[in-house]
Each structure stands twice: as structure tokens, then as C-alpha cells.
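Enquirer: I have a structure here, written as C-alpha cells, and I will follow up with some questions on it.
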Amino acid sequence: VDRAVHEKGDWIVRKLQETRERQVRIDATRVEWREGAQLPYLGETLTLALDPGQHSRGAQLVGEVGARSLVLGLPRLATAEQIRDAAQAWLMRQAKALFQQRLDHFAPRLGVRWTQLSLSSAATRWGSAKSDGAIRLHWRLIHFRLDVIDYVVVHELSHLRVMDHSPRFWDTVGSVVPNYAELRGELKELPIP
């Protein structure tokens, strides 16, 4: 054991450092669910605002790109759980609508047909595809830039043509998203907000 630890010492130290750095990145993405909190949305930062007068409208995105707020129709004394639930419900609605639009955009380019979209909260997968055309996408993708989302959408649609990760599969992905390797690497490095 001592010899193995000594031989693998540099690798062990490097992996421990990578784990610490990843934990710092994960901690930085935690949202404190309160008025004024910030959360990522399509690669930009939204500020949460509470407006009890907007209760009938639910949640609404206001402002200009780069300085937008998500206004939630909640009382000023709403709990962190109420704020989280309202914000996540809005994010999930936005995710479903955007994912459907992106699936419709890319499916013809790949010569495939998707049949059903469902949102996922999987711990380790951004998406999945079944041979019957059913696509599952992680709703938290909505936090990332559109080109990252598009990569995952194209990845899953490509599985409707090639159900493995062979060179033929990656050629299919690359035919629509030539910089897929860069986006794939970025997605692996980015912690889920």
C-alpha cells in the first residue's frame, strides 16, 4: 500500500486538488433563495425580485438583456422554499418551451423525428434518447448558454440516428455542431447550478 501511494502520489495530490477546485465551483453556484439573489439563465445572470401585486401573473422576466430580473408574484416575507419553488417552476416552463423549439429546429437538419420531450432531474445525465423518438433533457440546462443547450439537443437527436457513441455518432453530431468537443468539455467542467 505504501509503495502504491508513493508511486501514485502525484496523481493522488492532483485529483485531491481537482476535487477541491470543483467543490469551490459548486459552492459558488449555490443560490440563496431570497429577494435580490442571482441565478443563471441562458448564460446571463437574473436577479430575483418579489412583488406581491403580481400574484395573479406568477413569474415574469423584466428588463434588458444583461440587467434582467425575474419578478415572482410572492409576498415579501416568502420563505426560501416558496421562492425556490416559484423560480424553479418558471425555469422548468422556460426549459420545456425552449427545448421543444430547439428540437424542432435541429431534427430536420439531422433527418430525424422526435416524438416526446420530458424534463429530467437526473444526477449524472444531461439527456437521453430512446429509439422511439422520446427525448429527456435535464431542466437545469436552462442555466447555460444557448450553444451549450444546442449541443445537448443535437447530441440526443443524433442518437435517433446512431444509438451509440461510435465515430459515426460523433460525425453526426459534428455535422450540425462542429465545435461539439469544446462545448462537451465545457459542459463537463461546469457544475450544475
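Labels for the C-alpha cells follow display order: chains A, B, ..., residues from 1 in each chain, ligands from 1.
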Determine, for each residue of range 71-124 of chain A having at least one atom at most 9 Å from an atom of range 37-51 of chain A, the closest pair of atoms and their separation in Å to one decimal, counting only C-alpha atoms; order by chain and ascending number, as CSV.
Expert:
residue,atom,partner,partner_atom,distance
A:Val71,CA,A:Ala49,CA,4.7
A:Leu72,CA,A:Leu50,CA,5.0
A:Gly73,CA,A:Asp51,CA,5.0
A:Leu74,CA,A:Leu50,CA,5.5
A:Pro75,CA,A:Asp51,CA,6.4
A:Arg76,CA,A:Leu50,CA,5.9
A:Ala78,CA,A:Leu50,CA,8.5
A:Ile83,CA,A:Leu50,CA,8.5
A:Ala87,CA,A:Leu48,CA,8.3
A:Leu91,CA,A:Tyr41,CA,8.1
Enquirer: Could you please write out, as a VMD selection string, every residue of chain A that DSSP assigns to helix (DSSP H, G or I)?
Expert: chain A and resid 2 to 7 9 to 28 52 to 57 80 to 110 139 to 143 146 to 158 167 to 176 180 to 189
Enquirer: Taking only C-alpha atoms into account, which of A:Leu103, A:Ile12, A:Arg93, A:Gly36 comes nearest Leu70 in chain A?
Expert: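 Among A:Leu103, A:Ile12, A:Arg93, A:Gly36, it is A:Gly36 that comes nearest to Leu70 in chain A.
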Enquirer: Please provide as a list in words all residues within 10 Å of Ala89 in chain A, with the sequence filter that same-chain residues fewer than 5 positions apart are discarded (counting only C-alpha atoms).
Expert: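 In the requested form, the answer reads Gly58, Ala59, Ile83, Arg84, Gln94 and Ala95 of chain A.
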Enquirer: Emit the selected residues as a PDB file, in the first residue's frame, including C-alpha atoms.
Expert:
ATOM      1  CA  GLY A  58     -46.966  34.314 -11.344  1.00  0.00           C
ATOM      2  CA  ALA A  59     -43.432  34.999 -12.552  1.00  0.00           C
ATOM      3  CA  ILE A  83     -39.081  31.438  -3.643  1.00  0.00           C
ATOM      4  CA  ARG A  84     -37.135  28.387  -4.834  1.00  0.00           C
ATOM      5  CA  GLN A  94     -38.981  28.083 -19.917  1.00  0.00           C
ATOM      6  CA  ALA A  95     -36.796  24.989 -20.344  1.00  0.00           C
TER       7      ALA A  95
END
Enquirer: Find the residue from A:Lys188, A:Ala86, A:Gly174, A:Ser128 that sits nearest to Gln60 in chain A; use only C-alpha atoms when measuring.
Expert: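 Under the stated criterion, the closest residue is A:Ala86.
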Enquirer: Quick one: distance from CA of Ser175 in chain A to CA of Ala122 in chain A in Å, one decimal?
Expert: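 So the answer is 27.6 Å.
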Enquirer: Looking at A:Glu64, A:Glu156, A:Glu81, A:Glu35, which one is nearest to Arg136 in chain A, with distances taken over only C-alpha atoms?
Expert: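 Residue with the minimum atom-to-atom distance to Arg136 in chain A: A:Glu156.
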Enquirer: For Asp104 in chain A, find every residue with an atom within 9 Å (counting only C-alpha atoms), except residues of its own chain fewer than 5 positions away, and show them as an MDAnalysis selection string.
Expert: chainID A and resid 99 113:114
Enquirer: Using N, CA and C atoms, can you export the residues from the last selection as a PDB file, in the first residue's frame?
Expert:
ATOM      1  N   PHE A  99     -36.575  23.921 -25.162  1.00  0.00           N
ATOM      2  CA  PHE A  99     -36.105  22.632 -25.648  1.00  0.00           C
ATOM      3  C   PHE A  99     -36.961  22.142 -26.812  1.00  0.00           C
ATOM      4  N   ARG A 113     -36.944  12.401 -36.375  1.00  0.00           N
ATOM      5  CA  ARG A 113     -38.220  12.877 -35.840  1.00  0.00           C
ATOM      6  C   ARG A 113     -38.283  12.499 -34.372  1.00  0.00           C
ATOM      7  N   TRP A 114     -38.447  13.493 -33.517  1.00  0.00           N
ATOM      8  CA  TRP A 114     -38.626  13.213 -32.100  1.00  0.00           C
ATOM      9  C   TRP A 114     -40.122  13.148 -31.816  1.00  0.00           C
TER      10      TRP A 114
END
